[in-house]
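Content type PDB, C-alpha atoms and all ligand atoms, from the file run.pdb:
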```pdb
MODEL        1
ATOM      1  CA  MET A   1    -110.764-130.611 -32.043  1.00  0.00           C
ATOM      2  CA  ASN A   2    -111.324-133.985 -30.442  1.00  0.00           C
ATOM      3  CA  GLU A   3    -112.254-134.264 -26.772  1.00  0.00           C
ATOM      4  CA  PHE A   4    -110.807-137.717 -26.187  1.00  0.00           C
ATOM      5  CA  TRP A   5    -107.387-136.954 -27.680  1.00  0.00           C
ATOM      6  CA  ASP A   6    -107.221-133.366 -26.396  1.00  0.00           C
ATOM      7  CA  SER A   7    -107.849-134.592 -22.870  1.00  0.00           C
ATOM      8  CA  LYS A   8    -105.375-137.495 -23.216  1.00  0.00           C
ATOM      9  CA  TYR A   9    -102.664-135.080 -24.392  1.00  0.00           C
ATOM     10  CA  SER A  10    -103.453-132.463 -21.682  1.00  0.00           C
ATOM     11  CA  VAL A  11    -100.745-133.735 -19.378  1.00  0.00           C
ATOM     12  CA  ASN A  12     -97.101-132.730 -19.167  1.00  0.00           C
ATOM     13  CA  GLU A  13     -95.673-136.114 -20.117  1.00  0.00           C
ATOM     14  CA  TYR A  14     -95.579-137.312 -23.725  1.00  0.00           C
ATOM     15  CA  VAL A  15     -98.016-140.217 -23.525  1.00  0.00           C
ATOM     16  CA  TYR A  16     -96.263-142.135 -26.361  1.00  0.00           C
ATOM     17  CA  GLY A  17     -92.846-140.842 -25.314  1.00  0.00           C
ATOM     18  CA  GLU A  18     -90.498-138.398 -26.991  1.00  0.00           C
ATOM     19  CA  GLU A  19     -88.573-141.000 -29.009  1.00  0.00           C
ATOM     20  CA  PRO A  20     -89.804-142.065 -32.461  1.00  0.00           C
ATOM     21  CA  ASN A  21     -91.658-145.319 -32.998  1.00  0.00           C
ATOM     22  CA  GLU A  22     -89.007-147.996 -33.651  1.00  0.00           C
ATOM     23  CA  TYR A  23     -90.360-149.205 -36.983  1.00  0.00           C
ATOM     24  CA  PHE A  24     -90.783-145.627 -38.188  1.00  0.00           C
ATOM     25  CA  LYS A  25     -87.163-144.896 -37.244  1.00  0.00           C
ATOM     26  CA  TYR A  26     -85.977-148.034 -39.047  1.00  0.00           C
ATOM     27  CA  ALA A  27     -88.003-147.173 -42.170  1.00  0.00           C
ATOM     28  CA  ILE A  28     -86.757-143.576 -42.305  1.00  0.00           C
ATOM     29  CA  ASP A  29     -83.139-144.557 -41.606  1.00  0.00           C
ATOM     30  CA  THR A  30     -83.249-147.306 -44.242  1.00  0.00           C
ATOM     31  CA  TYR A  31     -85.312-145.870 -47.071  1.00  0.00           C
ATOM     32  CA  LEU A  32     -85.675-142.081 -46.797  1.00  0.00           C
ATOM     33  CA  PRO A  33     -82.462-140.051 -46.832  1.00  0.00           C
ATOM     34  CA  SER A  34     -84.217-136.823 -47.911  1.00  0.00           C
ATOM     35  CA  GLY A  35     -87.473-135.354 -49.168  1.00  0.00           C
ATOM     36  CA  ARG A  36     -90.904-134.275 -47.963  1.00  0.00           C
ATOM     37  CA  LEU A  37     -92.693-136.486 -45.457  1.00  0.00           C
ATOM     38  CA  LEU A  38     -96.403-136.445 -44.622  1.00  0.00           C
ATOM     39  CA  LEU A  39     -97.368-137.635 -41.124  1.00  0.00           C
ATOM     40  CA  PRO A  40    -101.123-138.070 -40.715  1.00  0.00           C
ATOM     41  CA  ALA A  41    -102.516-138.416 -37.154  1.00  0.00           C
ATOM     42  CA  GLU A  42     -99.153-137.394 -35.702  1.00  0.00           C
ATOM     43  CA  GLY A  43    -100.283-136.692 -32.126  1.00  0.00           C
ATOM     44  CA  GLU A  44     -97.551-135.251 -29.922  1.00  0.00           C
ATOM     45  CA  GLY A  45     -94.924-135.143 -32.681  1.00  0.00           C
ATOM     46  CA  ARG A  46     -92.320-137.733 -31.689  1.00  0.00           C
ATOM     47  CA  ASN A  47     -91.969-139.066 -35.255  1.00  0.00           C
ATOM     48  CA  ALA A  48     -92.164-135.619 -36.885  1.00  0.00           C
ATOM     49  CA  VAL A  49     -89.344-134.284 -34.728  1.00  0.00           C
ATOM     50  CA  TYR A  50     -87.143-137.327 -35.413  1.00  0.00           C
ATOM     51  CA  ALA A  51     -87.612-136.924 -39.177  1.00  0.00           C
ATOM     52  CA  ALA A  52     -87.023-133.155 -39.055  1.00  0.00           C
ATOM     53  CA  ARG A  53     -83.803-133.715 -37.091  1.00  0.00           C
ATOM     54  CA  LYS A  54     -82.648-135.945 -39.951  1.00  0.00           C
ATOM     55  CA  GLY A  55     -83.224-133.104 -42.405  1.00  0.00           C
ATOM     56  CA  LEU A  56     -86.556-134.186 -43.874  1.00  0.00           C
ATOM     57  CA  LYS A  57     -89.219-131.555 -44.577  1.00  0.00           C
ATOM     58  CA  VAL A  58     -92.163-132.594 -42.426  1.00  0.00           C
ATOM     59  CA  VAL A  59     -95.848-131.825 -42.801  1.00  0.00           C
ATOM     60  CA  ALA A  60     -97.921-133.364 -40.001  1.00  0.00           C
ATOM     61  CA  PHE A  61    -101.586-133.177 -39.159  1.00  0.00           C
ATOM     62  CA  ASP A  62    -103.912-134.347 -36.415  1.00  0.00           C
ATOM     63  CA  GLN A  63    -107.368-133.507 -35.113  1.00  0.00           C
ATOM     64  CA  SER A  64    -105.951-132.581 -31.687  1.00  0.00           C
ATOM     65  CA  VAL A  65    -104.988-129.005 -30.856  1.00  0.00           C
ATOM     66  CA  GLU A  66    -103.276-130.253 -27.683  1.00  0.00           C
ATOM     67  CA  GLY A  67    -101.260-132.714 -29.782  1.00  0.00           C
ATOM     68  CA  LYS A  68    -100.072-129.832 -31.970  1.00  0.00           C
ATOM     69  CA  LYS A  69     -99.024-127.745 -28.934  1.00  0.00           C
ATOM     70  CA  LYS A  70     -96.910-130.585 -27.591  1.00  0.00           C
ATOM     71  CA  ALA A  71     -95.435-131.376 -31.005  1.00  0.00           C
ATOM     72  CA  LEU A  72     -94.337-127.762 -31.475  1.00  0.00           C
ATOM     73  CA  ARG A  73     -92.841-127.746 -27.980  1.00  0.00           C
ATOM     74  CA  LEU A  74     -90.884-130.924 -28.795  1.00  0.00           C
ATOM     75  CA  ALA A  75     -89.715-129.396 -32.092  1.00  0.00           C
ATOM     76  CA  ASP A  76     -88.565-126.229 -30.285  1.00  0.00           C
ATOM     77  CA  LYS A  77     -86.650-128.314 -27.782  1.00  0.00           C
ATOM     78  CA  ALA A  78     -84.908-130.143 -30.651  1.00  0.00           C
ATOM     79  CA  GLY A  79     -84.281-126.892 -32.535  1.00  0.00           C
ATOM     80  CA  VAL A  80     -86.204-127.996 -35.656  1.00  0.00           C
ATOM     81  CA  LYS A  81     -89.196-126.735 -37.608  1.00  0.00           C
ATOM     82  CA  ILE A  82     -92.234-128.809 -38.532  1.00  0.00           C
ATOM     83  CA  ASP A  83     -95.373-127.759 -40.413  1.00  0.00           C
ATOM     84  CA  TYR A  84     -98.215-129.112 -38.213  1.00  0.00           C
ATOM     85  CA  ARG A  85    -101.830-128.586 -39.226  1.00  0.00           C
ATOM     86  CA  VAL A  86    -104.948-129.311 -37.169  1.00  0.00           C
ATOM     87  CA  GLY A  87    -108.049-130.771 -38.779  1.00  0.00           C
ATOM     88  CA  GLU A  88    -109.567-133.524 -40.863  1.00  0.00           C
ATOM     89  CA  LEU A  89    -107.751-134.569 -44.019  1.00  0.00           C
ATOM     90  CA  PRO A  90    -110.330-133.365 -46.590  1.00  0.00           C
ATOM     91  CA  ASP A  91    -110.393-129.890 -44.974  1.00  0.00           C
ATOM     92  CA  LEU A  92    -106.636-129.393 -45.048  1.00  0.00           C
ATOM     93  CA  PRO A  93    -105.117-127.487 -47.970  1.00  0.00           C
ATOM     94  CA  LEU A  94    -102.862-130.357 -49.008  1.00  0.00           C
ATOM     95  CA  ARG A  95    -104.083-130.854 -52.551  1.00  0.00           C
ATOM     96  CA  GLY A  96    -101.354-130.102 -55.013  1.00  0.00           C
ATOM     97  CA  GLU A  97     -98.643-130.878 -52.467  1.00  0.00           C
ATOM     98  CA  ALA A  98     -96.510-133.864 -53.378  1.00  0.00           C
ATOM     99  CA  PHE A  99     -94.670-135.950 -50.820  1.00  0.00           C
ATOM    100  CA  THR A 100     -91.700-138.291 -51.072  1.00  0.00           C
ATOM    101  CA  ALA A 101     -93.332-140.465 -48.419  1.00  0.00           C
ATOM    102  CA  ALA A 102     -96.150-140.704 -45.902  1.00  0.00           C
ATOM    103  CA  ALA A 103     -96.033-142.649 -42.637  1.00  0.00           C
ATOM    104  CA  LEU A 104     -99.100-143.873 -40.784  1.00  0.00           C
ATOM    105  CA  ILE A 105     -97.998-144.767 -37.267  1.00  0.00           C
ATOM    106  CA  TYR A 106    -100.907-146.008 -35.166  1.00  0.00           C
ATOM    107  CA  ALA A 107    -103.204-143.856 -37.291  1.00  0.00           C
ATOM    108  CA  HIS A 108    -106.437-145.791 -36.738  1.00  0.00           C
ATOM    109  CA  PHE A 109    -109.183-143.980 -38.619  1.00  0.00           C
ATOM    110  CA  THR A 110    -112.806-145.073 -38.316  1.00  0.00           C
ATOM    111  CA  PRO A 111    -113.914-147.681 -40.904  1.00  0.00           C
ATOM    112  CA  GLN A 112    -116.085-144.968 -42.480  1.00  0.00           C
ATOM    113  CA  LEU A 113    -113.071-142.693 -43.002  1.00  0.00           C
ATOM    114  CA  ARG A 114    -110.207-145.170 -43.503  1.00  0.00           C
ATOM    115  CA  PRO A 115    -110.529-146.235 -47.170  1.00  0.00           C
ATOM    116  CA  GLY A 116    -111.072-142.657 -48.392  1.00  0.00           C
ATOM    117  CA  TYR A 117    -108.297-141.262 -46.207  1.00  0.00           C
ATOM    118  CA  HIS A 118    -105.851-143.937 -47.304  1.00  0.00           C
ATOM    119  CA  ARG A 119    -106.714-143.248 -50.953  1.00  0.00           C
ATOM    120  CA  MET A 120    -106.206-139.487 -50.453  1.00  0.00           C
ATOM    121  CA  ILE A 121    -102.897-140.072 -48.669  1.00  0.00           C
ATOM    122  CA  GLY A 122    -101.735-142.415 -51.462  1.00  0.00           C
ATOM    123  CA  ASN A 123    -102.632-139.732 -54.029  1.00  0.00           C
ATOM    124  CA  LEU A 124    -100.466-137.157 -52.229  1.00  0.00           C
ATOM    125  CA  ILE A 125     -97.365-139.345 -52.671  1.00  0.00           C
ATOM    126  CA  LYS A 126     -95.135-138.870 -55.739  1.00  0.00           C
ATOM    127  CA  PRO A 127     -94.428-141.771 -58.147  1.00  0.00           C
ATOM    128  CA  GLU A 128     -91.650-143.915 -56.621  1.00  0.00           C
ATOM    129  CA  GLY A 129     -92.561-142.458 -53.213  1.00  0.00           C
ATOM    130  CA  LEU A 130     -93.114-144.556 -50.099  1.00  0.00           C
ATOM    131  CA  ILE A 131     -95.968-145.468 -47.810  1.00  0.00           C
ATOM    132  CA  ILE A 132     -94.918-146.653 -44.340  1.00  0.00           C
ATOM    133  CA  VAL A 133     -97.452-148.191 -41.950  1.00  0.00           C
ATOM    134  CA  GLU A 134     -97.388-149.593 -38.436  1.00  0.00           C
ATOM    135  CA  GLY A 135    -100.717-150.194 -36.713  1.00  0.00           C
ATOM    136  CA  PHE A 136    -102.438-152.709 -34.492  1.00  0.00           C
ATOM    137  CA  SER A 137    -103.775-155.826 -36.227  1.00  0.00           C
ATOM    138  CA  LYS A 138    -107.193-157.361 -35.645  1.00  0.00           C
ATOM    139  CA  LYS A 139    -105.463-160.036 -33.542  1.00  0.00           C
ATOM    140  CA  HIS A 140    -104.414-157.273 -31.127  1.00  0.00           C
ATOM    141  CA  ILE A 141    -107.852-157.492 -29.499  1.00  0.00           C
ATOM    142  CA  GLU A 142    -106.655-160.759 -27.856  1.00  0.00           C
ATOM    143  CA  TYR A 143    -103.735-158.942 -26.188  1.00  0.00           C
ATOM    144  CA  GLN A 144    -105.494-155.995 -24.585  1.00  0.00           C
ATOM    145  CA  ASP A 145    -106.797-157.737 -21.445  1.00  0.00           C
ATOM    146  CA  LYS A 146    -103.483-159.470 -20.786  1.00  0.00           C
ATOM    147  CA  TYR A 147    -101.500-156.232 -21.348  1.00  0.00           C
ATOM    148  CA  PRO A 148    -103.782-153.475 -20.014  1.00  0.00           C
ATOM    149  CA  ASN A 149    -101.309-150.679 -20.859  1.00  0.00           C
ATOM    150  CA  ILE A 150    -100.684-151.781 -24.441  1.00  0.00           C
ATOM    151  CA  GLY A 151    -103.330-149.386 -25.814  1.00  0.00           C
ATOM    152  CA  GLY A 152    -104.951-149.491 -29.238  1.00  0.00           C
ATOM    153  CA  PRO A 153    -108.595-149.236 -30.253  1.00  0.00           C
ATOM    154  CA  ARG A 154    -110.911-151.736 -28.522  1.00  0.00           C
ATOM    155  CA  ASN A 155    -113.218-151.724 -31.521  1.00  0.00           C
ATOM    156  CA  ILE A 156    -112.063-154.502 -33.856  1.00  0.00           C
ATOM    157  CA  GLU A 157    -113.381-152.547 -36.848  1.00  0.00           C
ATOM    158  CA  MET A 158    -110.681-149.927 -36.268  1.00  0.00           C
ATOM    159  CA  LEU A 159    -107.899-152.522 -36.350  1.00  0.00           C
ATOM    160  CA  TYR A 160    -105.996-153.620 -39.463  1.00  0.00           C
ATOM    161  CA  THR A 161    -105.284-156.712 -41.475  1.00  0.00           C
ATOM    162  CA  LEU A 162    -102.347-156.813 -43.872  1.00  0.00           C
ATOM    163  CA  GLU A 163    -104.769-157.509 -46.731  1.00  0.00           C
ATOM    164  CA  MET A 164    -106.677-154.321 -45.867  1.00  0.00           C
ATOM    165  CA  ILE A 165    -103.533-152.198 -45.953  1.00  0.00           C
ATOM    166  CA  ARG A 166    -102.263-153.831 -49.147  1.00  0.00           C
ATOM    167  CA  SER A 167    -105.598-153.297 -50.807  1.00  0.00           C
ATOM    168  CA  ASP A 168    -105.952-149.666 -49.580  1.00  0.00           C
ATOM    169  CA  PHE A 169    -102.496-149.005 -51.064  1.00  0.00           C
ATOM    170  CA  ASP A 170    -102.789-151.205 -54.152  1.00  0.00           C
ATOM    171  CA  GLY A 171    -100.922-148.651 -56.283  1.00  0.00           C
ATOM    172  CA  PHE A 172     -97.835-149.406 -54.186  1.00  0.00           C
ATOM    173  CA  GLU A 173     -95.450-152.293 -54.782  1.00  0.00           C
ATOM    174  CA  PRO A 174     -94.866-154.005 -51.422  1.00  0.00           C
ATOM    175  CA  ILE A 175     -91.284-153.822 -50.175  1.00  0.00           C
ATOM    176  CA  GLU A 176     -91.862-155.192 -46.666  1.00  0.00           C
ATOM    177  CA  TRP A 177     -94.985-156.519 -45.021  1.00  0.00           C
ATOM    178  CA  ILE A 178     -95.511-158.525 -41.856  1.00  0.00           C
ATOM    179  CA  GLN A 179     -98.048-159.160 -39.123  1.00  0.00           C
ATOM    180  CA  GLY A 180     -96.961-160.334 -35.704  1.00  0.00           C
ATOM    181  CA  GLU A 181     -96.213-159.761 -32.048  1.00  0.00           C
ATOM    182  CA  VAL A 182     -94.210-156.801 -30.895  1.00  0.00           C
ATOM    183  CA  GLU A 183     -93.077-155.611 -27.482  1.00  0.00           C
ATOM    184  CA  LEU A 184     -93.770-151.904 -27.092  1.00  0.00           C
ATOM    185  CA  SER A 185     -92.417-149.451 -24.557  1.00  0.00           C
ATOM    186  CA  GLU A 186     -93.692-146.096 -25.805  1.00  0.00           C
ATOM    187  CA  GLY A 187     -94.386-143.617 -22.996  1.00  0.00           C
ATOM    188  CA  SER A 188     -97.128-144.786 -20.654  1.00  0.00           C
ATOM    189  CA  SER A 189     -99.703-145.618 -23.341  1.00  0.00           C
ATOM    190  CA  HIS A 190     -98.123-148.387 -25.444  1.00  0.00           C
ATOM    191  CA  VAL A 191     -96.531-150.698 -22.892  1.00  0.00           C
ATOM    192  CA  GLY A 192     -96.523-154.500 -23.165  1.00  0.00           C
ATOM    193  CA  VAL A 193     -96.923-157.008 -25.966  1.00  0.00           C
ATOM    194  CA  GLY A 194     -99.212-156.263 -28.888  1.00  0.00           C
ATOM    195  CA  ASN A 195     -99.902-157.538 -32.372  1.00  0.00           C
ATOM    196  CA  VAL A 196     -99.196-155.258 -35.320  1.00  0.00           C
ATOM    197  CA  VAL A 197     -99.084-155.015 -39.071  1.00  0.00           C
ATOM    198  CA  ARG A 198     -96.139-153.349 -40.746  1.00  0.00           C
ATOM    199  CA  PHE A 199     -96.059-152.359 -44.394  1.00  0.00           C
ATOM    200  CA  ILE A 200     -93.707-150.413 -46.628  1.00  0.00           C
ATOM    201  CA  GLY A 201     -94.629-149.948 -50.287  1.00  0.00           C
ATOM    202  CA  ARG A 202     -93.268-147.981 -53.237  1.00  0.00           C
ATOM    203  CA  LYS A 203     -95.684-146.117 -55.506  1.00  0.00           C
ATOM    204  CA  VAL A 204     -95.816-147.537 -58.997  1.00  0.00           C
ATOM    205  CA  SER A 205     -98.926-145.828 -60.395  1.00  0.00           C
TER     206      SER A 205
HETATM  207  C1  LIG A 301    -102.397-143.567 -31.104  1.00  0.00           C
HETATM  208  S1  LIG A 301    -102.237-141.866 -31.529  1.00  0.00           S
HETATM  209  C2  LIG A 301    -100.781-141.934 -32.530  1.00  0.00           C
HETATM  210  C3  LIG A 301    -100.057-140.636 -32.606  1.00  0.00           C
HETATM  211  C4  LIG A 301     -98.748-140.662 -33.397  1.00  0.00           C
HETATM  212  N1  LIG A 301     -98.921-141.134 -34.761  1.00  0.00           N
HETATM  213  C5  LIG A 301     -97.685-141.469 -32.691  1.00  0.00           C
HETATM  214  O1  LIG A 301     -97.312-142.544 -33.202  1.00  0.00           O
HETATM  215  O2  LIG A 301     -97.230-141.044 -31.621  1.00  0.00           O
HETATM  216  C6  LIG A 301    -103.538-141.689 -32.723  1.00  0.00           C
HETATM  217  C7  LIG A 301    -103.720-140.257 -33.240  1.00  0.00           C
HETATM  218  O3  LIG A 301    -104.650-140.293 -34.336  1.00  0.00           O
HETATM  219  C8  LIG A 301    -105.320-139.063 -34.358  1.00  0.00           C
HETATM  220  N2  LIG A 301    -106.519-139.209 -35.215  1.00  0.00           N
HETATM  221  C9  LIG A 301    -107.440-140.191 -35.143  1.00  0.00           C
HETATM  222  N3  LIG A 301    -108.404-139.984 -36.068  1.00  0.00           N
HETATM  223  C10 LIG A 301    -108.054-138.851 -36.749  1.00  0.00           C
HETATM  224  C11 LIG A 301    -108.652-138.125 -37.813  1.00  0.00           C
HETATM  225  N4  LIG A 301    -109.793-138.534 -38.364  1.00  0.00           N
HETATM  226  N5  LIG A 301    -108.036-137.001 -38.271  1.00  0.00           N
HETATM  227  C12 LIG A 301    -106.860-136.586 -37.699  1.00  0.00           C
HETATM  228  N6  LIG A 301    -106.253-137.223 -36.674  1.00  0.00           N
HETATM  229  C13 LIG A 301    -106.847-138.354 -36.201  1.00  0.00           C
HETATM  230  C14 LIG A 301    -105.628-138.809 -32.893  1.00  0.00           C
HETATM  231  O4  LIG A 301    -105.968-137.470 -32.638  1.00  0.00           O
HETATM  232  C15 LIG A 301    -104.318-139.264 -32.254  1.00  0.00           C
HETATM  233  O5  LIG A 301    -103.436-138.183 -32.079  1.00  0.00           O
ENDMDL
END
```
Since I need it in another form, could you write the structure as structure tokens?
Amino acid sequence: MNEFWDSKYSVNEYVYGEEPNEYFKYAIDTYLPSGRLLLPAEGEGRNAVYAARKGLKVVAFDQSVEGKKKALRLADKAGVKIDYRVGELPDLPLRGEAFTAAALIYAHFTPQLRPGYHRMIGNLIKPEGLIIVEGFSKKHIEYQDKYPNIGGPRNIEMLYTLEMIRSDFDGFEPIEWIQGEVELSEGSSHVGVGNVVRFIGRKVS
């Protein structure tokens, strides 16, 4: 349970929209024709439902019960099944499960949790499997006043650098990595221009 996210998701609309994140869609369409996908911090389920519609087996988790309710509603509407668990990563019975890929889409964990969570997520991915990341960069802090509906954490410590992501996932050979501006139009909560990091890596060890 998380009060902030439960209350944000307690509205009828999907606050990040019902369509998948564009980079996520590109990554799945380009690199992941089949397999088991882990979606940490999946919120209202837009990415999970897209992947399930493409035939991937999806396991998602989030700390928000309200996020889960909306994700299951979206899955029902699309006629697909997703396995969506509520809780913190170390408490979830995921050990022993192996994934073809994991995608972290705007999954901004606290600096206390992030390195451990990223390591655990990396360990759940099979050799040759993929890690896919899109999140706000530290430069994003300069965009939030100009674009008040762009969203993202206002605490710079929760934002990413490419070096951070590459180092958290150092057992992955980088396939694509970039930091830069992006125009977002995701529901009512990611609207405007922001600054993001994107990373796709393949597990080598
Ligand atoms: C910006 S939303 C992104 C949701 C989704 N990935 C998407 O792209 O639509 C961030 C999500 O991270 C989740 N989250 C943040 N910290 C978490 C944690 N420690 N454990 C599980 N979920 C977490 C929040 O509950 C929220 O749903």
Please identify all polymer residues within 9 Å of stretch 26-40 of chain A, counting all atoms listed in the file, omitting same-chain residues fewer than 3 positions from it, and present them as a short mmCIF file (atom, residue, chain, number, x, y, z; two decimals) with C-alpha atoms, keeping the file's coordinate frame.
```cif
data_model
loop_
_atom_site.label_atom_id
_atom_site.label_comp_id
_atom_site.auth_asym_id
_atom_site.auth_seq_id
_atom_site.Cartn_x
_atom_site.Cartn_y
_atom_site.Cartn_z
CA ASN A 21 -91.66 -145.32 -33.00
CA GLU A 22 -89.01 -148.00 -33.65
CA TYR A 23 -90.36 -149.21 -36.98
CA GLY A 43 -100.28 -136.69 -32.13
CA ASN A 47 -91.97 -139.07 -35.26
CA ALA A 48 -92.16 -135.62 -36.88
CA ALA A 51 -87.61 -136.92 -39.18
CA LYS A 54 -82.65 -135.94 -39.95
CA GLY A 55 -83.22 -133.10 -42.40
CA LEU A 56 -86.56 -134.19 -43.87
CA LYS A 57 -89.22 -131.56 -44.58
CA VAL A 58 -92.16 -132.59 -42.43
CA VAL A 59 -95.85 -131.82 -42.80
CA ALA A 60 -97.92 -133.36 -40.00
CA PHE A 61 -101.59 -133.18 -39.16
CA ASP A 62 -103.91 -134.35 -36.42
CA LEU A 89 -107.75 -134.57 -44.02
CA ALA A 98 -96.51 -133.86 -53.38
CA PHE A 99 -94.67 -135.95 -50.82
CA THR A 100 -91.70 -138.29 -51.07
CA ALA A 101 -93.33 -140.46 -48.42
CA ALA A 102 -96.15 -140.70 -45.90
CA ALA A 103 -96.03 -142.65 -42.64
CA LEU A 104 -99.10 -143.87 -40.78
CA ILE A 105 -98.00 -144.77 -37.27
CA ALA A 107 -103.20 -143.86 -37.29
CA ILE A 121 -102.90 -140.07 -48.67
CA LEU A 124 -100.47 -137.16 -52.23
CA ILE A 125 -97.36 -139.34 -52.67
CA LEU A 130 -93.11 -144.56 -50.10
CA ILE A 132 -94.92 -146.65 -44.34
CA ILE A 200 -93.71 -150.41 -46.63
#
```
Skip A:Glu18 itself and residues of its chain fewer than 4 positions away, then list as a compact mmCIF listing (two decimals) with C-alpha atoms, keeping the file's coordinate frame all residues within 10 Å of it, counting only C-alpha atoms.
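Once written, selection-v2.txt looks like this:
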```txt
# COMPACT_ATOMS: atom_id res chain seq x y z
CA GLU A 13 -95.67 -136.11 -20.12
CA TYR A 14 -95.58 -137.31 -23.72
CA GLU A 44 -97.55 -135.25 -29.92
CA GLY A 45 -94.92 -135.14 -32.68
CA ARG A 46 -92.32 -137.73 -31.69
CA ASN A 47 -91.97 -139.07 -35.26
CA VAL A 49 -89.34 -134.28 -34.73
CA TYR A 50 -87.14 -137.33 -35.41
CA ALA A 71 -95.44 -131.38 -31.00
CA LEU A 74 -90.88 -130.92 -28.80
CA GLU A 186 -93.69 -146.10 -25.80
CA GLY A 187 -94.39 -143.62 -23.00
```
For stretch 137-139 of chain A, please output as a CSV table (one decimal) with C-alpha atoms, in the frame of the given file all residues within 8 Å (counting all atoms listed in the file; exclusion window: fewer than 5 positions along the same chain).
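This went into around-v9.csv:
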```
chain,number,residue,atom,x,y,z
A,156,ILE,CA,-112.1,-154.5,-33.9
A,157,GLU,CA,-113.4,-152.5,-36.8
A,159,LEU,CA,-107.9,-152.5,-36.4
A,160,TYR,CA,-106.0,-153.6,-39.5
A,161,THR,CA,-105.3,-156.7,-41.5
A,162,LEU,CA,-102.3,-156.8,-43.9
A,179,GLN,CA,-98.0,-159.2,-39.1
A,195,ASN,CA,-99.9,-157.5,-32.4
A,196,VAL,CA,-99.2,-155.3,-35.3
A,197,VAL,CA,-99.1,-155.0,-39.1
```
### Task
Evaluate the PyMOL selection byres (((chain A and resi 10) around 10) and not hetatm) here and jot the selected residues down as a ChimeraX atom specification.
/A:5-9,11-15,65-67,69-70
Box along x, y and z, 8 Å on every side, all listed atoms of stretch 79-87 of chain A inside: centre and edge lengths in Å to one decimal, as AutoDock Vina command-line options.
```
--center_x -96.2 --center_y -128.8 --center_z -36.5 --size_x 39.8 --size_y 20.0 --size_z 23.9
```
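Taking atom CA of A:Gly87 and atom CA of A:Gln63 as the two end points, the separation is 4.6 Å.
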### Query
Do you have the atom CA of A:Asp76-atom C11 of ligand LIG 301 (chain A) distance handy?
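Separation between atom CA of A:Asp76 and atom C11 of ligand LIG 301 (chain A): 24.5 Å.
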### Task
Figure out the distance between atom CA of A:Ile175 and atom CA of A:Tyr143, please, to one decimal in Å.
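That distance, rounded to one decimal, is 27.5 Å.
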### Task
Go through A:Gly122, A:Gly171, A:Pro115, A:Gly79 one by one, measure the shortest atom-to-atom distance of each to ligand LIG 301 (chain A) using all atoms listed in the file, and give the residue with the smallest value.
A:Pro115
### Summary
Of A:Ile178, A:Val193, A:Met164, A:Leu184, the one sitting nearest A:Tyr147 when using all atoms listed in the file is A:Val193
### Task
Identify which of the residues A:Leu94, A:Met158, A:Ile165, A:Val133 lies closest to A:Gln112, counting all atoms listed in the file when measuring atom-to-atom distances.
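With all atoms listed in the file as the atom set, the closest residue is A:Met158.
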### From A:Tyr106, A:Asn2, A:Phe172, A:Trp177, residue lying nearest A:Glu88 [all atoms listed in the file]
A:Asn2
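Counting only C-alpha atoms and all ligand atoms, the residue from A:His108, A:Lys25, A:Arg95, A:Lys81 that sits nearest to ligand LIG 301 (chain A) is A:His108.
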### Message
Using all atoms listed in the file for the distances, tell me which of A:Pro20, A:Pro90, A:Gly201, A:Gly151 is nearest to A:Tyr117.
### Response
A:Pro90
